[in-house]
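With mmCIF, C-alpha atoms and all ligand atoms inside, this is work_12.cif:
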```cif
data_start
loop_
_atom_site.label_atom_id
_atom_site.label_comp_id
_atom_site.auth_asym_id
_atom_site.auth_seq_id
_atom_site.Cartn_x
_atom_site.Cartn_y
_atom_site.Cartn_z
CA MET A 1390 -65.20 47.12 -86.48
CA ALA A 1391 -68.24 44.92 -85.76
CA THR A 1392 -71.47 46.92 -85.33
CA TYR A 1393 -74.51 45.75 -83.35
CA ASP A 1394 -77.74 47.04 -81.84
CA VAL A 1395 -77.03 45.33 -78.53
CA LEU A 1396 -73.79 43.93 -77.13
CA VAL A 1397 -74.26 41.49 -74.25
CA ILE A 1398 -71.14 40.97 -72.15
CA GLY A 1399 -71.01 37.51 -70.60
CA ALA A 1400 -72.34 34.21 -71.94
CA GLY A 1401 -73.61 32.80 -68.68
CA ASN A 1402 -77.22 31.79 -68.11
CA LEU A 1403 -78.24 35.47 -67.86
CA GLY A 1404 -76.43 36.84 -70.89
CA LEU A 1405 -77.45 33.98 -73.17
CA TRP A 1406 -81.12 34.15 -72.19
CA THR A 1407 -81.05 37.93 -72.65
CA ALA A 1408 -79.78 37.56 -76.22
CA TYR A 1409 -82.33 34.84 -76.93
CA HIS A 1410 -85.27 36.98 -75.75
CA LEU A 1411 -83.95 40.12 -77.47
CA ALA A 1412 -84.04 38.28 -80.78
CA ARG A 1413 -87.56 37.03 -80.09
CA GLN A 1414 -88.62 40.58 -79.34
CA GLY A 1415 -87.37 41.74 -82.73
CA VAL A 1416 -83.82 43.02 -82.17
CA LYS A 1417 -81.88 42.23 -85.33
CA ARG A 1418 -78.17 42.55 -84.54
CA ILE A 1419 -77.06 41.15 -81.19
CA ALA A 1420 -73.56 40.18 -80.10
CA VAL A 1421 -72.63 38.15 -77.04
CA CYS A 1422 -68.99 38.50 -76.01
CA GLU A 1423 -67.63 35.86 -73.65
CA ARG A 1424 -64.04 35.84 -72.44
CA ALA A 1425 -63.96 32.03 -72.18
CA TRP A 1426 -66.71 29.68 -73.37
CA ALA A 1427 -70.49 29.83 -73.03
CA GLY A 1428 -71.42 28.71 -69.52
CA PHE A 1429 -67.86 29.00 -68.19
CA GLY A 1430 -68.67 31.11 -65.10
CA ALA A 1431 -70.97 30.32 -62.19
CA THR A 1432 -73.52 28.75 -64.54
CA THR A 1433 -71.93 25.34 -65.15
CA ARG A 1434 -70.39 25.22 -61.67
CA SER A 1435 -73.76 25.56 -59.97
CA ALA A 1436 -76.01 23.08 -58.21
CA GLY A 1437 -79.08 23.88 -60.32
CA MET A 1438 -81.71 24.05 -57.57
CA VAL A 1439 -84.87 25.56 -59.06
CA ARG A 1440 -87.50 26.95 -56.72
CA GLN A 1441 -90.71 28.77 -57.39
CA GLN A 1442 -90.79 29.00 -53.60
CA GLY A 1443 -89.09 32.37 -53.50
CA GLY A 1444 -88.73 34.46 -50.39
CA SER A 1445 -90.76 37.29 -51.92
CA ARG A 1446 -93.32 37.87 -54.67
CA THR A 1447 -90.54 38.92 -57.05
CA ALA A 1448 -88.47 35.82 -56.37
CA SER A 1449 -91.47 33.50 -56.74
CA LEU A 1450 -92.58 35.09 -60.00
CA LEU A 1451 -89.10 34.80 -61.49
CA GLY A 1452 -88.86 31.17 -60.36
CA ARG A 1453 -92.26 30.36 -61.86
CA ASP A 1454 -91.45 31.89 -65.24
CA ALA A 1455 -87.92 30.47 -65.42
CA ARG A 1456 -89.21 26.94 -64.89
CA THR A 1457 -91.71 27.39 -67.72
CA LEU A 1458 -89.05 28.83 -70.04
CA TYR A 1459 -86.65 25.92 -69.44
CA LEU A 1460 -89.40 23.47 -70.35
CA GLN A 1461 -90.40 25.48 -73.42
CA LEU A 1462 -86.84 25.68 -74.73
CA GLY A 1463 -86.43 21.92 -74.36
CA GLN A 1464 -89.58 21.43 -76.44
CA GLU A 1465 -88.51 23.99 -79.02
CA LEU A 1466 -85.15 22.26 -79.53
CA GLY A 1467 -86.51 18.73 -79.27
CA LEU A 1468 -84.06 18.04 -76.46
CA ASP A 1469 -84.24 17.23 -72.78
CA SER A 1470 -85.00 20.51 -70.98
CA GLY A 1471 -82.57 19.63 -68.20
CA PHE A 1472 -85.32 20.17 -65.60
CA THR A 1473 -86.29 17.37 -63.22
CA GLU A 1474 -89.45 17.86 -61.18
CA LEU A 1475 -89.41 16.12 -57.80
CA GLY A 1476 -90.98 18.58 -55.35
CA TYR A 1477 -89.11 20.70 -52.82
CA TYR A 1478 -89.31 21.20 -49.03
CA ILE A 1479 -88.17 24.48 -47.45
CA LEU A 1480 -87.77 23.57 -43.81
CA ALA A 1481 -88.63 25.92 -40.93
CA GLU A 1482 -87.01 25.76 -37.50
CA THR A 1483 -88.44 28.80 -35.74
CA ALA A 1484 -91.86 30.34 -35.18
CA GLU A 1485 -90.64 33.40 -37.07
CA GLU A 1486 -89.71 31.29 -40.10
CA LYS A 1487 -93.08 29.55 -39.88
CA ALA A 1488 -95.01 32.83 -39.89
CA ASN A 1489 -92.94 34.13 -42.79
CA TYR A 1490 -93.28 30.97 -44.82
CA GLN A 1491 -97.02 30.77 -44.30
CA GLU A 1492 -97.38 34.29 -45.66
CA LEU A 1493 -95.27 33.31 -48.64
CA VAL A 1494 -97.50 30.32 -49.38
CA ALA A 1495 -100.39 32.71 -49.94
CA ILE A 1496 -98.34 35.09 -52.09
CA ARG A 1497 -97.20 32.23 -54.31
CA ARG A 1498 -100.71 30.85 -54.66
CA GLU A 1499 -101.78 34.24 -55.97
CA LEU A 1500 -99.14 33.73 -58.67
CA GLY A 1501 -100.64 30.33 -59.52
CA ILE A 1502 -97.83 28.34 -57.87
CA GLU A 1503 -99.01 25.19 -56.18
CA ASN A 1504 -97.51 25.13 -52.68
CA GLU A 1505 -98.56 24.44 -49.11
CA TRP A 1506 -97.49 24.57 -45.47
CA ILE A 1507 -97.17 21.23 -43.71
CA ASP A 1508 -96.40 20.72 -40.03
CA ALA A 1509 -93.70 18.40 -38.69
CA GLU A 1510 -96.09 15.53 -38.08
CA GLU A 1511 -97.20 15.52 -41.70
CA GLY A 1512 -93.53 15.92 -42.72
CA ARG A 1513 -92.61 12.74 -40.80
CA ARG A 1514 -95.27 10.84 -42.69
CA ARG A 1515 -94.31 12.15 -46.14
CA PHE A 1516 -90.53 12.42 -45.91
CA PRO A 1517 -89.32 10.20 -43.06
CA ALA A 1518 -85.65 10.48 -44.09
CA VAL A 1519 -85.65 13.95 -42.49
CA ASN A 1520 -85.30 14.21 -38.72
CA TRP A 1521 -88.33 16.43 -38.14
CA ASP A 1522 -87.44 16.87 -34.44
CA TYR A 1523 -85.36 19.81 -35.67
CA PHE A 1524 -88.17 21.40 -37.67
CA ILE A 1525 -91.62 22.72 -36.92
CA GLY A 1526 -92.76 22.30 -40.49
CA ALA A 1527 -92.02 23.21 -44.07
CA THR A 1528 -93.45 24.63 -47.22
CA TYR A 1529 -93.70 22.23 -50.12
CA ALA A 1530 -94.12 22.78 -53.85
CA PRO A 1531 -94.67 19.63 -55.93
CA THR A 1532 -93.61 21.26 -59.23
CA ASP A 1533 -90.22 22.54 -58.03
CA GLY A 1534 -87.07 20.63 -58.89
CA TYR A 1535 -83.60 21.08 -60.29
CA VAL A 1536 -81.84 21.62 -63.58
CA HIS A 1537 -78.75 19.86 -64.82
CA PRO A 1538 -76.51 22.91 -65.33
CA LEU A 1539 -74.58 21.47 -68.29
CA THR A 1540 -77.79 20.60 -70.11
CA VAL A 1541 -79.36 24.01 -69.65
CA ALA A 1542 -76.12 25.71 -70.73
CA ARG A 1543 -76.06 23.50 -73.82
CA ASN A 1544 -79.71 24.23 -74.62
CA ILE A 1545 -79.54 28.00 -74.35
CA THR A 1546 -76.23 28.05 -76.26
CA TYR A 1547 -77.85 25.99 -79.00
CA GLY A 1548 -80.91 28.28 -78.91
CA VAL A 1549 -78.62 31.28 -79.38
CA LEU A 1550 -76.48 29.68 -82.11
CA ARG A 1551 -79.46 28.81 -84.27
CA THR A 1552 -80.83 32.37 -84.05
CA ALA A 1553 -79.65 34.40 -87.05
CA ALA A 1554 -79.86 37.72 -85.18
CA ILE A 1555 -77.24 36.65 -82.59
CA ASP A 1556 -73.48 36.29 -82.97
CA LEU A 1557 -71.79 34.50 -80.08
CA HIS A 1558 -68.12 35.42 -79.75
CA GLU A 1559 -66.26 33.12 -77.40
CA MET A 1560 -62.69 33.84 -76.23
CA THR A 1561 -63.52 37.54 -76.50
CA ALA A 1562 -62.88 39.47 -73.30
CA VAL A 1563 -64.18 43.03 -73.02
CA GLU A 1564 -61.34 45.13 -71.61
CA ALA A 1565 -62.66 48.71 -71.86
CA ILE A 1566 -65.81 50.54 -72.89
CA GLY A 1567 -65.77 53.97 -74.48
CA TRP A 1568 -68.41 56.25 -75.92
CA SER A 1569 -68.30 58.00 -79.27
CA GLY A 1570 -70.90 59.52 -81.56
CA GLY A 1571 -73.79 58.30 -79.42
CA ARG A 1572 -72.61 54.68 -79.45
CA TYR A 1573 -70.63 52.44 -77.14
CA LEU A 1574 -67.25 51.14 -78.28
CA ALA A 1575 -66.12 47.99 -76.49
CA ARG A 1576 -62.45 47.17 -76.82
CA THR A 1577 -62.02 43.40 -76.66
CA THR A 1578 -59.21 40.89 -77.08
CA ARG A 1579 -60.61 40.33 -80.59
CA GLY A 1580 -61.14 43.85 -81.83
CA VAL A 1581 -63.57 46.69 -81.22
CA PHE A 1582 -67.34 46.16 -81.06
CA GLU A 1583 -69.67 49.11 -81.61
CA ALA A 1584 -73.19 48.99 -80.22
CA GLU A 1585 -76.08 51.29 -79.37
CA ARG A 1586 -76.66 49.43 -76.12
CA VAL A 1587 -74.53 47.30 -73.84
CA VAL A 1588 -75.70 44.73 -71.26
CA ASP A 1589 -73.43 43.93 -68.33
CA ALA A 1590 -74.11 40.25 -67.58
CA GLY A 1591 -70.63 39.52 -66.24
CA GLY A 1592 -71.76 37.48 -63.22
CA PRO A 1593 -69.85 37.13 -59.94
CA ARG A 1594 -66.49 37.58 -61.60
CA GLY A 1595 -67.27 40.34 -64.08
CA ALA A 1596 -70.39 42.42 -63.38
CA ARG A 1597 -68.66 44.82 -61.01
CA THR A 1598 -65.58 45.30 -63.23
CA ILE A 1599 -67.65 45.85 -66.35
CA GLY A 1600 -69.77 48.45 -64.53
CA ALA A 1601 -66.60 50.25 -63.44
CA MET A 1602 -65.60 50.58 -67.12
CA VAL A 1603 -68.41 53.13 -67.48
CA ASP A 1604 -68.25 54.47 -63.90
CA VAL A 1605 -71.31 52.56 -62.73
CA ASN A 1606 -71.14 50.96 -59.29
CA VAL A 1607 -72.56 47.44 -59.56
CA PRO A 1608 -72.95 45.89 -56.08
CA VAL A 1609 -72.50 42.29 -57.19
CA SER A 1610 -70.10 40.45 -54.90
CA ALA A 1611 -68.62 36.99 -55.05
CA THR A 1612 -68.11 34.46 -52.31
CA ARG A 1613 -67.09 30.83 -52.19
CA HIS A 1614 -69.87 28.27 -52.36
CA GLN A 1615 -69.31 24.52 -52.05
CA VAL A 1616 -70.94 21.40 -53.37
CA VAL A 1617 -70.28 17.70 -52.77
CA THR A 1618 -71.86 14.65 -54.32
CA TYR A 1619 -72.22 11.16 -52.93
CA PRO A 1620 -72.06 8.27 -55.43
CA THR A 1621 -75.13 6.48 -54.10
CA ALA A 1622 -78.23 7.51 -52.19
CA PRO A 1623 -79.05 5.72 -48.93
CA PRO A 1624 -82.13 3.46 -49.18
CA GLU A 1625 -83.94 5.77 -46.74
CA LEU A 1626 -83.84 8.49 -49.42
CA GLY A 1627 -84.09 6.39 -52.58
CA ASP A 1628 -82.84 7.85 -55.85
CA ARG A 1629 -85.78 10.17 -56.64
CA PHE A 1630 -86.29 11.96 -53.36
CA PRO A 1631 -87.65 15.53 -53.10
CA LEU A 1632 -85.26 18.45 -52.69
CA LEU A 1633 -84.80 20.18 -49.36
CA PHE A 1634 -83.30 23.42 -48.11
CA THR A 1635 -82.84 24.69 -44.59
CA VAL A 1636 -82.06 28.38 -44.67
CA ALA A 1637 -81.08 28.51 -40.98
CA ASN A 1638 -78.42 25.83 -41.47
CA GLY A 1639 -77.27 26.91 -44.93
CA PHE A 1640 -77.40 23.58 -46.73
CA TYR A 1641 -79.57 21.90 -49.34
CA ILE A 1642 -79.77 18.49 -50.98
CA ARG A 1643 -81.10 17.00 -54.18
CA PRO A 1644 -80.67 13.77 -56.12
CA GLU A 1645 -77.66 13.60 -58.46
CA GLU A 1646 -77.38 10.72 -60.92
CA GLN A 1647 -77.82 7.67 -58.68
CA GLY A 1648 -76.65 9.54 -55.59
CA VAL A 1649 -77.01 12.80 -53.68
CA LEU A 1650 -75.80 16.38 -54.17
CA LEU A 1651 -75.32 18.59 -51.13
CA GLY A 1652 -74.60 22.34 -51.30
CA MET A 1653 -73.47 24.60 -48.48
CA SER A 1654 -72.44 28.17 -47.75
CA ASN A 1655 -70.20 29.52 -45.04
CA PRO A 1656 -71.64 32.78 -43.66
CA ARG A 1657 -68.36 33.53 -41.90
CA GLU A 1658 -66.50 33.80 -45.17
CA ASP A 1659 -65.87 37.33 -46.48
CA ALA A 1660 -66.71 38.54 -49.93
CA ASP A 1661 -63.77 37.96 -52.27
CA SER A 1662 -62.64 40.84 -54.45
CA SER A 1663 -59.64 39.09 -56.03
CA ASN A 1664 -61.40 38.57 -59.37
CA SER A 1665 -60.23 34.99 -59.65
CA TYR A 1666 -62.59 32.02 -59.32
CA GLN A 1667 -62.49 30.53 -55.81
CA VAL A 1668 -61.98 26.91 -56.70
CA GLU A 1669 -60.28 25.69 -53.54
CA PHE A 1670 -62.55 23.36 -51.56
CA ASP A 1671 -62.64 24.15 -47.83
CA VAL A 1672 -62.49 20.71 -46.22
CA GLY A 1673 -62.48 22.28 -42.74
CA PHE A 1674 -65.84 23.95 -43.28
CA TYR A 1675 -67.26 20.75 -44.81
CA GLU A 1676 -66.25 18.84 -41.68
CA ASP A 1677 -67.57 21.59 -39.38
CA LEU A 1678 -71.00 21.57 -41.01
CA ARG A 1679 -71.17 17.81 -41.38
CA PRO A 1680 -72.73 17.09 -37.94
CA VAL A 1681 -75.47 19.60 -38.76
CA TRP A 1682 -76.74 17.81 -41.86
CA GLU A 1683 -76.02 14.34 -40.48
CA ALA A 1684 -78.32 15.15 -37.55
CA ARG A 1685 -81.06 16.47 -39.83
CA VAL A 1686 -80.79 13.81 -42.54
CA PRO A 1687 -79.29 10.91 -40.56
CA SER A 1688 -78.95 8.48 -43.46
CA LEU A 1689 -76.32 10.81 -44.98
CA ALA A 1690 -73.96 10.07 -42.07
CA GLY A 1691 -70.56 8.81 -43.15
CA ARG A 1692 -71.24 8.82 -46.93
CA ARG A 1693 -68.20 8.65 -49.15
CA VAL A 1694 -67.73 11.61 -51.50
CA SER A 1695 -67.65 11.13 -55.29
CA ARG A 1696 -67.07 14.78 -56.30
CA ALA A 1697 -66.45 18.02 -54.42
CA TRP A 1698 -66.05 21.49 -55.81
CA ALA A 1699 -65.97 25.13 -54.83
CA ALA A 1700 -66.82 28.11 -57.01
CA SER A 1701 -67.60 31.80 -56.79
CA ILE A 1702 -71.28 32.56 -56.37
CA ASP A 1703 -72.75 36.01 -56.99
CA TYR A 1704 -74.83 37.88 -54.45
CA THR A 1705 -76.42 41.28 -54.02
CA PRO A 1706 -76.98 42.95 -50.63
CA ASP A 1707 -80.64 41.90 -50.49
CA HIS A 1708 -80.39 38.65 -52.51
CA LEU A 1709 -82.70 40.13 -55.12
CA PRO A 1710 -81.80 40.70 -58.78
CA ILE A 1711 -80.63 43.81 -60.61
CA ILE A 1712 -82.43 44.67 -63.85
CA ASP A 1713 -81.65 48.29 -64.62
CA GLU A 1714 -80.35 50.94 -67.03
CA PRO A 1715 -78.14 53.17 -64.86
CA ARG A 1716 -76.76 55.07 -67.90
CA ASP A 1717 -78.41 55.69 -71.22
CA GLY A 1718 -78.00 52.48 -73.18
CA PHE A 1719 -75.96 50.72 -70.47
CA TYR A 1720 -77.84 47.93 -68.70
CA VAL A 1721 -77.01 45.78 -65.68
CA LEU A 1722 -78.38 42.29 -65.13
CA ALA A 1723 -77.53 40.23 -62.04
CA ALA A 1724 -79.15 37.28 -60.29
CA GLY A 1725 -78.29 37.78 -56.62
CA GLY A 1726 -77.09 34.17 -56.45
CA HIS A 1727 -80.22 32.69 -58.02
CA GLY A 1728 -79.22 32.64 -61.67
CA MET A 1729 -80.18 29.03 -62.30
CA MET A 1730 -83.66 29.33 -60.80
CA TRP A 1731 -84.29 32.78 -62.34
CA GLY A 1732 -81.96 33.07 -65.37
CA PRO A 1733 -84.42 32.50 -68.23
CA ALA A 1734 -86.94 34.90 -66.67
CA LEU A 1735 -84.29 37.53 -65.90
CA GLY A 1736 -83.19 37.42 -69.55
CA MET A 1737 -86.80 37.98 -70.58
CA LYS A 1738 -87.20 40.93 -68.22
CA MET A 1739 -83.95 42.50 -69.42
CA ALA A 1740 -85.07 42.16 -73.05
CA GLU A 1741 -88.35 43.83 -72.07
CA LEU A 1742 -86.49 46.74 -70.50
CA ILE A 1743 -84.35 47.19 -73.62
CA VAL A 1744 -87.13 46.82 -76.18
CA ARG A 1745 -90.10 48.36 -74.35
CA GLY A 1746 -88.36 50.64 -71.87
CA ALA A 1747 -89.93 49.08 -68.77
CA VAL A 1748 -90.05 45.83 -66.82
CA SER A 1749 -93.50 44.39 -66.31
CA ASP A 1750 -94.78 42.79 -63.08
CA LEU A 1751 -91.75 43.53 -60.87
CA PRO A 1752 -91.55 46.52 -58.50
CA ASP A 1753 -88.66 48.96 -58.96
CA GLU A 1754 -87.68 48.56 -55.31
CA ASP A 1755 -86.75 44.91 -56.01
CA ILE A 1756 -84.78 45.38 -59.23
CA LYS A 1757 -83.32 48.89 -59.59
CA LEU A 1758 -79.83 49.88 -58.51
CA ASP A 1759 -80.90 52.99 -56.61
CA ARG A 1760 -82.46 50.80 -53.90
CA PHE A 1761 -78.94 50.29 -52.55
CA THR A 1762 -78.25 53.98 -51.94
CA ALA A 1763 -80.13 53.92 -48.62
CA PRO A 1764 -80.06 51.29 -45.85
CA ARG A 1765 -82.62 48.69 -46.68
CA ALA A 1766 -84.61 46.47 -44.34
CA ARG A 1767 -86.17 44.30 -47.05
CA LYS A 1768 -84.31 41.13 -48.01
CA ASP A 1769 -85.36 38.03 -49.81
CA ALA A 1770 -86.35 35.67 -47.00
CA ILE A 1771 -85.16 32.44 -48.59
CA ALA A 1772 -81.51 32.77 -49.50
CA LEU A 1773 -78.21 31.28 -48.44
CA PRO A 1774 -76.40 32.90 -45.54
CA PHE A 1775 -73.89 34.87 -47.60
CA PRO A 1776 -71.27 37.13 -45.98
CA ALA A 1777 -72.55 40.25 -44.26
CA ARG A 1778 -69.49 42.18 -45.45
C1 LIG B 1 -71.37 26.26 -56.45
C2 LIG B 1 -72.55 27.08 -56.90
C3 LIG B 1 -73.83 26.55 -56.73
C4 LIG B 1 -74.91 27.31 -57.17
N1 LIG B 1 -76.16 26.76 -57.07
C5 LIG B 1 -77.23 27.44 -57.53
C6 LIG B 1 -78.52 26.86 -57.47
O1 LIG B 1 -78.68 25.74 -56.98
N2 LIG B 1 -79.57 27.58 -57.97
C7 LIG B 1 -79.40 28.83 -58.47
O2 LIG B 1 -80.39 29.44 -58.88
N3 LIG B 1 -78.18 29.41 -58.54
C8 LIG B 1 -77.10 28.75 -58.08
N4 LIG B 1 -75.86 29.30 -58.15
C9 LIG B 1 -75.76 30.68 -58.65
C10 LIG B 1 -75.81 30.70 -60.15
O3 LIG B 1 -74.89 29.77 -60.66
C11 LIG B 1 -75.49 32.10 -60.64
O4 LIG B 1 -76.38 33.03 -60.05
C12 LIG B 1 -75.64 32.21 -62.16
O5 LIG B 1 -74.90 31.22 -62.82
C13 LIG B 1 -75.21 33.60 -62.60
O6 LIG B 1 -75.26 33.64 -64.00
P1 LIG B 1 -74.55 34.81 -64.77
O7 LIG B 1 -74.83 34.60 -66.19
O8 LIG B 1 -74.93 36.08 -64.12
O9 LIG B 1 -73.00 34.60 -64.40
P2 LIG B 1 -71.92 33.59 -65.00
O10 LIG B 1 -72.46 32.24 -65.24
O11 LIG B 1 -70.73 33.71 -64.13
O12 LIG B 1 -71.62 34.21 -66.42
C14 LIG B 1 -70.94 35.43 -66.59
C15 LIG B 1 -70.00 35.27 -67.76
O13 LIG B 1 -69.43 36.53 -68.04
C16 LIG B 1 -68.13 36.31 -68.50
N5 LIG B 1 -67.39 37.56 -68.35
C17 LIG B 1 -67.12 38.23 -67.22
N6 LIG B 1 -66.42 39.35 -67.49
C18 LIG B 1 -66.26 39.39 -68.83
C19 LIG B 1 -65.62 40.29 -69.71
N7 LIG B 1 -65.00 41.38 -69.26
N8 LIG B 1 -65.66 40.04 -71.04
C20 LIG B 1 -66.28 38.93 -71.51
N9 LIG B 1 -66.87 38.03 -70.72
C21 LIG B 1 -66.88 38.26 -69.39
C22 LIG B 1 -67.61 35.20 -67.61
O14 LIG B 1 -66.53 34.51 -68.19
C23 LIG B 1 -68.85 34.33 -67.46
O15 LIG B 1 -68.88 33.24 -68.38
C24 LIG B 1 -74.74 28.59 -57.75
C25 LIG B 1 -73.46 29.09 -57.92
C26 LIG B 1 -72.36 28.34 -57.50
C27 LIG B 1 -70.99 28.90 -57.71
#
```
What is this file in structure tokens?
Amino acid sequence: MATYDVLVIGAGNLGLWTAYHLARQGVKRIAVCERAWAGFGATTRSAGMVRQQGGSRTASLLGRDARTLYLQLGQELGLDSGFTELGYYILAETAEEKANYQELVAIRRELGIENEWIDAEEGRRRFPAVNWDYFIGATYAPTDGYVHPLTVARNITYGVLRTAAIDLHEMTAVEAIGWSGGRYLARTTRGVFEAERVVDAGGPRGARTIGAMVDVNVPVSATRHQVVTYPTAPPELGDRFPLLFTVANGFYIRPEEQGVLLGMSNPREDADSSNSYQVEFDVGFYEDLRPVWEARVPSLAGRRVSRAWAASIDYTPDHLPIIDEPRDGFYVLAAGGHGMMWGPALGMKMAELIVRGAVSDLPDEDIKLDRFTAPRARKDAIALPFPAR
């Protein structure tokens, strides 16, 4: 039987960064068990949008720190960090969005994040490829950007592999978790692992099931999320255009190679509890939403598609993360659908909770599981329109 101080279940962006930070905070024997390969889940299927422009203080702080950690790891390894900084517009359509976003600008500035509100007239001047007739303005952060998901998965896997305190076990699915003599016993497809502490970082297709193994309800759901890429960018955009996201319309764009990547969510789709990855692309929804983005970014009209994929994205009821210890020695870490923009920082916060017993800088009401026991008005204001059910 393999014996560890901490067993992390799931080698996605969250689990890998947790192991990495645990080792840096002095934990000596860490295992990461992954049922497939490192990055297999939502992580390498994602779009990689990275915003410090969160919809709350918590979201902004996590975005700020994650961006820094990506850059630091790239430097540490002597490799490309995977992060491309191009600036990011969050577009507002309504007076309510405007008021909200302007408040957020101030909150982010307090965190040292450079960002501003611009009105539609200024938007037309700076980013004429957008049809600003639909928008009353936007917030803009020049140091936001995107990560290349495969590169960041490679980097954190490499960071983990070269750390002596961490053993990464691929093709090792955790099937049951027991408790004996004050330690957890995880039965896996490759034997039993014993550990003082266990971290559930199972993502959209594992977090809930792993929680259930120890009778903990983990409200992480999965829903289909879709991405397409276009092989070339229209001249109106150029190939290094800033990112944009319109919450009200549920789509975002960024550059991809020499073309464009466009992501979209269907709010009418239900949560999926099947436990299999939702890889079927919904062409009908793509066609339904197409007039919406073609009106708002007209040069995208009629572009031919180079790649299209669907995948299961994680979400929590309020789009905020879970960083908690609901049972002695059993920890839950989830990203609320923002695991690329927050992953490195979430791993750091989870390591803090394990090593120091508390999470610094983030309020309990944004990270603990017990916030879901009562109806909750607070939601992160800048998140995709995921299913209500
Ligand atoms: C199409 C798409 C686009 C997205 N775009 C963005 C974006 O632009 N920006 C952003 O911030 N986020 C985005 N996301 C969300 C982001 O990808 C996720 O929030 C993030 O990857 C979650 O990381 P994770 O480590 O929690 O989960 P995962 O990456 O899913 O990792 C969990 C791992 O746990 C493993 N596992 C599960 N159960 C077990 C078990 N019993 N035993 C062993 N291993 C197990 C799985 O195999 C998996 O590899 C997107 C997601 C999708 C699907």
(request) Would you mind reading off the distance between atom CA of A:Thr1762 and atom CA of A:Ala1601, one decimal, in Å? (result)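 Atom-to-atom, atom CA of A:Thr1762 to atom CA of A:Ala1601, that is 16.8 Å.
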(message) Residues near A:Ser1688, anyone? I mean within 8 Å using all atoms listed in the file, not counting same-chain ones fewer than 5 positions away, as number ranges by chain.
(response) A: 1518, 1623, 1625-1626, 1683
(request) Produce as a ChimeraX atom specification the set of residues near ligand LIG 1 (chain B), where near means within 7 Å with all atoms listed in the file considered. (result) /A:1398-1404,1422-1439,1561-1564,1590-1596,1599,1614-1616,1652,1699-1703,1723-1732
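Distances from A:Ala1408, A:Ala1575, A:Ile1479, A:Val1541 to A:Phe1719 were compared using only C-alpha atoms, and the smallest one belongs to A:Ala1575.
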(request) Measure the distance from atom CA of A:Ala1554 to atom CA of A:Val1605 in Å and round it to one decimal. (result)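 Distance between the two atoms: 28.2 Å.
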(request) Select, from A:Tyr1666, A:Tyr1535, A:Trp1698, A:Tyr1720, the residue with the minimum atom-to-atom distance to A:Ser1470, counting only C-alpha atoms. (result)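 Using only C-alpha atoms, A:Ser1470 sits closest to A:Tyr1535.
In this comparison, which uses all atoms listed in the file, the residue of A:Ala1684, A:Leu1689, A:Leu1550, A:Met1602 approaching A:Ala1622 most closely is A:Leu1689.
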(message) Let me make sure I understand: among A:Thr1577, A:Thr1612, A:Thr1392, A:Gln1414, which one has the smallest atom-to-atom distance to A:Phe1775 if we use all atoms listed in the file?
(response) A:Thr1612
(message) Which residue is closest to A:Pro1656? Choose from A:Pro1774, A:Leu1678, A:Gly1571, A:Ala1553 and count all atoms listed in the file.
(response)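 Of all the options, A:Pro1774 lies closest to A:Pro1656.
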(request) List the neighbours of A:Asp1750 out to 10 Å using all atoms listed in the file; skip same-chain residues closer than 2 positions along the sequence, and give me the result as a PyMOL selection string. (result) chain A and resi 1446-1447+1450-1451+1738+1747-1748+1752-1753
(message) Give me, as a list in words, all polymer residues having an atom no more than 7 Å from A:Gly1718, counting only C-alpha atoms and skipping those fewer than 6 positions away in the same chain.
(response)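 Result of the neighbour search: Glu1585, Arg1586 and Val1587 of chain A.
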Saved selection, atoms kept: C-alpha atoms, as an mmCIF file, keeping the file's coordinate frame:
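For reference, result_4.cif as written:
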```
data_model
loop_
_atom_site.group_PDB
_atom_site.id
_atom_site.type_symbol
_atom_site.label_atom_id
_atom_site.label_comp_id
_atom_site.auth_asym_id
_atom_site.auth_seq_id
_atom_site.Cartn_x
_atom_site.Cartn_y
_atom_site.Cartn_z
ATOM 1 C CA GLU A 1585 -76.080 51.290 -79.370
ATOM 2 C CA ARG A 1586 -76.660 49.430 -76.120
ATOM 3 C CA VAL A 1587 -74.530 47.300 -73.840
#
```
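Atom CA of A:Arg1745 is found 22.9 Å from atom CA of A:Leu1462.
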(message) Just checking: using only C-alpha atoms, which residue out of A:Asp1707, A:Asp1755, A:Asp1556, A:Glu1485 ends up closest to A:Ala1772?
(response)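 Using only C-alpha atoms, A:Ala1772 sits closest to A:Asp1707.
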(message) If we count only C-alpha atoms and set the cut-off at 8 Å, which residues sit around A:Thr1407, ignoring sequence neighbours fewer than 5 positions away in its own chain? Please answer as a ChimeraX atom specification.
(response) /A:1397,1733,1735-1737,1739-1740
(request) Please provide the set of residues having any atom within 9 Å of A:Gly1443, restricted to all atoms listed in the file, with same-chain residues fewer than 6 positions apart removed, written as a PyMOL selection string. (result) chain A and resi 1449-1452+1493+1497+1769-1772
